[in-house]
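Visitor: Structure supplied as start-v5.pdb; contents: PDB, C-alpha atoms.
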ATOM      1  CA  MET C   1      77.701-188.455 151.344
ATOM      2  CA  LEU C   2      76.898-192.026 152.319
ATOM      3  CA  LYS C   3      75.024-194.531 150.160
ATOM      4  CA  ARG C   4      74.314-198.204 150.870
ATOM      5  CA  SER C   5      73.569-200.875 148.290
ATOM      6  CA  LYS C   6      70.967-203.583 148.735
ATOM      7  CA  ASN C   7      73.139-206.589 147.764
ATOM      8  CA  ARG C   8      73.791-208.957 150.657
ATOM      9  CA  ARG C   9      76.198-211.848 150.999
ATOM     10  CA  THR C  10      75.558-214.960 153.007
ATOM     11  CA  SER C  11      77.984-215.728 155.821
ATOM     12  CA  GLY C  12      79.494-218.634 153.895
ATOM     13  CA  ASP C  13      80.963-216.369 151.210
ATOM     14  CA  ASN C  14      83.395-214.492 153.435
ATOM     15  CA  PRO C  15      85.301-215.735 156.475
ATOM     16  CA  ARG C  16      85.482-212.152 157.756
ATOM     17  CA  GLY C  17      81.727-211.740 158.004
ATOM     18  CA  THR C  18      78.762-210.477 156.056
ATOM     19  CA  GLY C  19      79.305-206.735 156.414
ATOM     20  CA  PRO C  20      79.474-204.390 153.450
ATOM     21  CA  ILE C  21      82.600-203.250 151.638
ATOM     22  CA  MET C  22      83.179-199.520 152.187
ATOM     23  CA  VAL C  23      84.133-197.716 148.960
ATOM     24  CA  VAL C  24      85.829-194.349 149.564
ATOM     25  CA  ALA C  25      86.309-192.364 146.368
ATOM     26  CA  ASP C  26      85.115-189.490 144.224
ATOM     27  CA  PRO C  27      81.546-189.965 142.903
ATOM     28  CA  GLY C  28      82.386-191.117 139.334
ATOM     29  CA  PRO C  29      85.056-193.733 140.097
ATOM     30  CA  GLY C  30      83.311-194.615 143.357
ATOM     31  CA  MET C  31      80.080-195.531 141.614
ATOM     32  CA  LEU C  32      82.002-197.594 139.049
ATOM     33  CA  MET C  33      83.842-199.504 141.801
ATOM     34  CA  ARG C  34      80.564-200.049 143.653
ATOM     35  CA  ARG C  35      78.911-201.429 140.517
ATOM     36  CA  LEU C  36      81.832-203.818 139.914
ATOM     37  CA  LEU C  37      81.691-205.071 143.500
ATOM     38  CA  GLU C  38      77.926-205.406 143.506
ATOM     39  CA  GLU C  39      78.021-207.362 140.250
ATOM     40  CA  ALA C  40      80.509-209.676 141.996
ATOM     41  CA  GLY C  41      77.948-210.205 144.793
ATOM     42  CA  HIS C  42      79.274-207.814 147.444
ATOM     43  CA  GLU C  43      77.182-205.360 149.422
ATOM     44  CA  THR C  44      78.730-201.881 149.432
ATOM     45  CA  ILE C  45      78.636-198.623 151.331
ATOM     46  CA  TYR C  46      79.923-195.484 149.624
ATOM     47  CA  ALA C  47      81.537-192.420 151.184
ATOM     48  CA  ASP C  48      83.288-189.514 149.509
ATOM     49  CA  THR C  49      85.017-187.961 152.532
ATOM     50  CA  VAL C  50      87.252-189.263 155.313
ATOM     51  CA  PRO C  51      84.893-188.109 158.116
ATOM     52  CA  SER C  52      81.846-189.791 156.531
ATOM     53  CA  ALA C  53      83.887-192.954 155.884
ATOM     54  CA  LEU C  54      85.138-193.115 159.485
ATOM     55  CA  LYS C  55      81.635-192.565 160.840
ATOM     56  CA  ALA C  56      80.193-195.281 158.581
ATOM     57  CA  ILE C  57      82.978-197.762 159.413
ATOM     58  CA  GLU C  58      82.354-197.288 163.136
ATOM     59  CA  ALA C  59      78.567-197.555 162.741
ATOM     60  CA  ALA C  60      78.396-200.502 160.313
ATOM     61  CA  ARG C  61      76.665-203.540 161.829
ATOM     62  CA  PRO C  62      77.754-206.106 160.949
ATOM     63  CA  ALA C  63      81.213-204.621 160.694
ATOM     64  CA  CYS C  64      82.575-203.737 157.265
ATOM     65  CA  SER C  65      84.141-206.692 155.477
ATOM     66  CA  ALA C  66      86.744-204.402 153.895
ATOM     67  CA  VAL C  67      87.541-200.836 152.898
ATOM     68  CA  LEU C  68      88.439-199.966 149.290
ATOM     69  CA  ALA C  69      89.914-196.465 148.999
ATOM     70  CA  ASP C  70      90.858-194.601 145.823
ATOM     71  CA  ARG C  71      94.178-192.847 146.290
ATOM     72  CA  ASP C  72      93.714-190.950 143.009
ATOM     73  CA  SER C  73      90.521-189.282 144.262
ATOM     74  CA  ASP C  74      90.315-185.814 145.760
ATOM     75  CA  LEU C  75      91.207-187.541 149.034
ATOM     76  CA  GLY C  76      94.738-188.153 147.747
ATOM     77  CA  ASP C  77      97.037-188.901 150.643
ATOM     78  CA  LEU C  78      94.152-188.588 153.103
ATOM     79  CA  VAL C  79      93.675-192.316 152.441
ATOM     80  CA  VAL C  80      96.753-192.777 154.673
ATOM     81  CA  THR C  81      94.933-190.854 157.427
ATOM     82  CA  LEU C  82      91.803-192.958 156.848
ATOM     83  CA  LEU C  83      93.868-196.143 157.076
ATOM     84  CA  GLN C  84      95.689-195.059 160.238
ATOM     85  CA  ARG C  85      92.507-193.855 161.936
ATOM     86  CA  THR C  86      90.684-197.083 161.038
ATOM     87  CA  ARG C  87      93.562-199.137 162.466
ATOM     88  CA  SER C  88      93.338-197.159 165.731
ATOM     89  CA  PHE C  89      89.669-198.111 166.283
ATOM     90  CA  GLY C  90      88.519-200.562 168.872
ATOM     91  CA  PRO C  91      87.185-203.196 169.163
ATOM     92  CA  ALA C  92      89.505-205.364 167.135
ATOM     93  CA  VAL C  93      86.789-206.161 164.574
ATOM     94  CA  LEU C  94      87.079-202.557 163.365
ATOM     95  CA  ALA C  95      90.843-202.218 163.739
ATOM     96  CA  TRP C  96      91.439-205.378 161.701
ATOM     97  CA  VAL C  97      89.107-204.610 158.795
ATOM     98  CA  PRO C  98      90.962-205.380 155.537
ATOM     99  CA  PHE C  99      92.049-202.273 153.647
ATOM    100  CA  ILE C 100      92.627-202.148 149.874
ATOM    101  CA  ILE C 101      94.013-199.090 148.062
ATOM    102  CA  ILE C 102      93.712-198.487 144.336
ATOM    103  CA  GLY C 103      95.906-195.860 142.735
ATOM    104  CA  SER C 104      98.209-194.942 139.876
ATOM    105  CA  ASN C 105     100.990-193.637 142.082
ATOM    106  CA  THR C 106     103.629-195.977 143.485
ATOM    107  CA  THR C 107     105.109-193.405 145.877
ATOM    108  CA  LYS C 108     104.396-193.821 149.581
ATOM    109  CA  GLN C 109     103.576-197.509 149.163
ATOM    110  CA  PHE C 110     106.030-198.276 151.972
ATOM    111  CA  LEU C 111     104.092-195.938 154.304
ATOM    112  CA  LEU C 112     100.804-197.507 153.241
ATOM    113  CA  TRP C 113     102.048-201.058 153.905
ATOM    114  CA  GLU C 114     103.559-199.985 157.247
ATOM    115  CA  SER C 115     100.249-198.334 158.167
ATOM    116  CA  GLY C 116      98.392-201.590 157.575
ATOM    117  CA  VAL C 117      97.171-201.766 153.976
ATOM    118  CA  ASP C 118      96.319-205.302 152.860
ATOM    119  CA  ALA C 119      96.509-204.805 149.090
ATOM    120  CA  TYR C 120      97.566-202.093 146.659
ATOM    121  CA  VAL C 121      96.018-202.336 143.195
ATOM    122  CA  LEU C 122      97.975-200.333 140.649
ATOM    123  CA  ARG C 123      96.073-198.519 137.908
ATOM    124  CA  PRO C 124      95.293-199.159 135.187
ATOM    125  CA  ALA C 125      93.598-202.296 136.464
ATOM    126  CA  HIS C 126      90.968-204.471 134.856
ATOM    127  CA  ALA C 127      87.740-205.063 136.761
ATOM    128  CA  GLU C 128      88.738-208.699 137.302
ATOM    129  CA  GLU C 129      92.081-207.651 138.853
ATOM    130  CA  LEU C 130      90.303-205.412 141.345
ATOM    131  CA  THR C 131      87.681-207.974 142.358
ATOM    132  CA  ASP C 132      90.350-210.717 142.550
ATOM    133  CA  ALA C 133      92.506-208.552 144.840
ATOM    134  CA  ILE C 134      89.535-207.843 147.096
ATOM    135  CA  ASN C 135      88.483-211.489 147.231
ATOM    136  CA  ASP C 136      92.085-212.557 147.953
ATOM    137  CA  VAL C 137      92.247-210.149 150.892
ATOM    138  CA  LEU C 138      88.855-211.267 152.201
ATOM    139  CA  ASP C 139      89.946-214.915 152.048
ATOM    140  CA  ARG C 140      93.151-214.366 154.063
ATOM    141  CA  SER C 141      93.213-214.965 157.796
ATOM    142  CA  ASP C 142      94.472-212.158 160.014
ATOM    143  CA  ASN C 143      97.812-213.957 160.405
ATOM    144  CA  ASP C 144      98.124-214.416 156.630
ATOM    145  CA  ARG C 145      97.378-210.726 156.159
ATOM    146  CA  LEU C 146     100.109-209.808 158.667
ATOM    147  CA  ASP C 147     102.592-212.145 156.951
ATOM    148  CA  HIS C 148     101.727-210.748 153.503
ATOM    149  CA  ARG C 149     102.131-207.187 154.788
ATOM    150  CA  ALA C 150     105.521-208.023 156.328
ATOM    151  CA  ASP C 151     106.647-209.597 153.032
ATOM    152  CA  MET C 152     105.606-206.483 151.085
ATOM    153  CA  ILE C 153     107.418-204.174 153.537
ATOM    154  CA  SER C 154     110.533-206.353 153.241
ATOM    155  CA  ASP C 155     110.344-206.323 149.427
ATOM    156  CA  LEU C 156     109.899-202.548 149.318
ATOM    157  CA  SER C 157     112.795-202.085 151.766
ATOM    158  CA  ARG C 158     115.078-204.135 149.519
ATOM    159  CA  GLN C 159     113.985-202.121 146.461
ATOM    160  CA  GLU C 160     114.935-198.867 148.224
ATOM    161  CA  VAL C 161     118.340-200.290 149.215
ATOM    162  CA  ASP C 162     118.998-201.626 145.705
ATOM    163  CA  ALA C 163     118.034-198.315 144.070
TER     164      ALA C 163
END
Would you put the structure from the file into structure tokens?
Guide:
Amino acid sequence: MLKRSKNRRTSGDNPRGTGPIMVVADPGPGMLMRRLLEEAGHETIYADTVPSALKAIEAARPACSAVLADRDSDLGDLVVTLLQRTRSFGPAVLAWVPFIIIGSNTTKQFLLWESGVDAYVLRPAHAEELTDAINDVLDRSDNDRLDHRADMISDLSRQEVDA
């Protein structure tokens, strides 16, 4: 199922563009996340399956500003597949779309960061934490996102060695 909100940003609000933020989640949490983002001034698109999300990401014009995926939804670890498939898209505007995961599980974070996630918001999270994380990712340049990802992978590698 795909739903699009009517909120629109101006190009000055986001260096990545004016496209919507794709929310991929179960209906209940997905609608809550959409409402939070829309109240913060973001346009959203909603999908509840990986195939509908991939189709919408490819078709979005302008390109999606970011993807927010709920790892605790029925999708579970399919968010890794969604992330990897999104990163394999061309042109670069699709492959480089910022990707934010929200979830209560800290396992497989290393795989998510290696696959190209730009932020992982750990539940329980306040609405402000989620919108701040999304805005932080949207404000980063591609190089800053790559550096942040490398730092997170390094930190997680050290944690595994120390454990």
Visitor: Would you compute the distance between CA of Leu82 in chain C and CA of Val23 in chain C? Give it in Å to one decimal.
Guide: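 So the two atoms, CA of Leu82 in chain C and CA of Val23 in chain C, lie 12.0 Å apart.
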Visitor: With the cut-off set at 12 Å and counting all atoms listed in the file, tabulate each residue of range 70-107 of chain C with an atom at most that distance from an atom of range 143-155 of chain C, showing the nearest atom pair and its distance in Å to one decimal, ordered by chain and increasing number, as JSON lines.
Guide:
{"residue": "C:Trp96", "atom": "CA", "partner": "C:Arg145", "partner_atom": "CA", "distance": 9.7}
{"residue": "C:Val97", "atom": "CA", "partner": "C:Arg145", "partner_atom": "CA", "distance": 10.6}
{"residue": "C:Pro98", "atom": "CA", "partner": "C:Arg145", "partner_atom": "CA", "distance": 8.4}
{"residue": "C:Phe99", "atom": "CA", "partner": "C:Arg145", "partner_atom": "CA", "distance": 10.3}
{"residue": "C:Ile100", "atom": "CA", "partner": "C:Arg145", "partner_atom": "CA", "distance": 11.6}
Visitor: Report as a list of chain:residue names the full result of the PyMOL selection byres ((chain C and resi 111-121) around 7) when it is applied to this structure.
Guide: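 Applied to this file, the PyMOL selection byres ((chain C and resi 111-121) around 7) selects C:Val80, C:Leu83, C:Gln84, C:Pro98, C:Phe99, C:Ile100, C:Ile101, C:Ile102, C:Gly103, C:Lys108, C:Gln109, C:Phe110, C:Leu122, C:Arg123, C:Leu130, C:Ala133, C:Val137, C:Arg145, C:Arg149, C:Ile153.
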Visitor: Quick one: 4 Å padding each side, axis-aligned, all listed atoms of range 129-139 of chain C - centre and edge lengths in Å to one decimal, as JSON?
Guide:
{"center_x": 90.1, "center_y": -210.2, "center_z": 145.5, "size_x": 12.8, "size_y": 17.5, "size_z": 21.3}
Visitor: Which residue, C:Ala66, C:Ala127, C:Ala53, C:Met31, has the smallest gap to Arg140 in chain C when you use all atoms listed in the file?
Guide: C:Ala66
Visitor: Between CA of Asn135 in chain C and CA of Val67 in chain C, what is the distance, to one decimal in Å?
Guide: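 According to the coordinates, CA of Asn135 in chain C and CA of Val67 in chain C are separated by 12.1 Å.
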Visitor: Taking all atoms listed in the file into account, name the residue in C:Arg87, C:Leu138, C:Glu129, C:Thr106 that is nearest to Pro20 in chain C.
Guide: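 Going through C:Arg87, C:Leu138, C:Glu129, C:Thr106 one by one, the smallest distance to Pro20 in chain C is for C:Leu138.
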Visitor: Of the candidates C:Ser104, C:Ser73, C:Thr44, C:Ser157, which shows the shortest atom-to-atom distance to Ile57 in chain C, using only C-alpha atoms?
Guide: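 Under the stated criterion, the closest residue is C:Thr44.
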Visitor: Mind pulling up the distance from CA of Asp72 in chain C to CA of Glu38 in chain C?
Guide: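 Result for CA of Glu38 in chain C versus CA of Asp72 in chain C: 21.4 Å, one decimal.
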Visitor: Kindly resolve the PyMOL selection byres ((chain C and resi 22) around 12) on the present coordinates and return the residues as a VMD selection string.
Guide: chain C and resid 2 to 5 19 to 21 23 to 25 30 to 31 33 to 34 37 to 38 42 to 50 52 to 60 63 to 70 82 86 97 to 101 134
Visitor: Kindly indicate which residue among C:Asp26, C:Ser141, C:Leu156, C:Ala125 lies nearest to Arg71 in chain C, using all atoms listed in the file for the distances.
Guide: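 With all atoms listed in the file as the atom set, the closest residue is C:Asp26.
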Visitor: Which residue gives the smallest distance to Leu75 in chain C among C:Arg35, C:Asp142, C:Phe89, C:Pro27, with only C-alpha atoms counted?
Guide: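 For Leu75 in chain C, the nearest of the candidates is C:Pro27.
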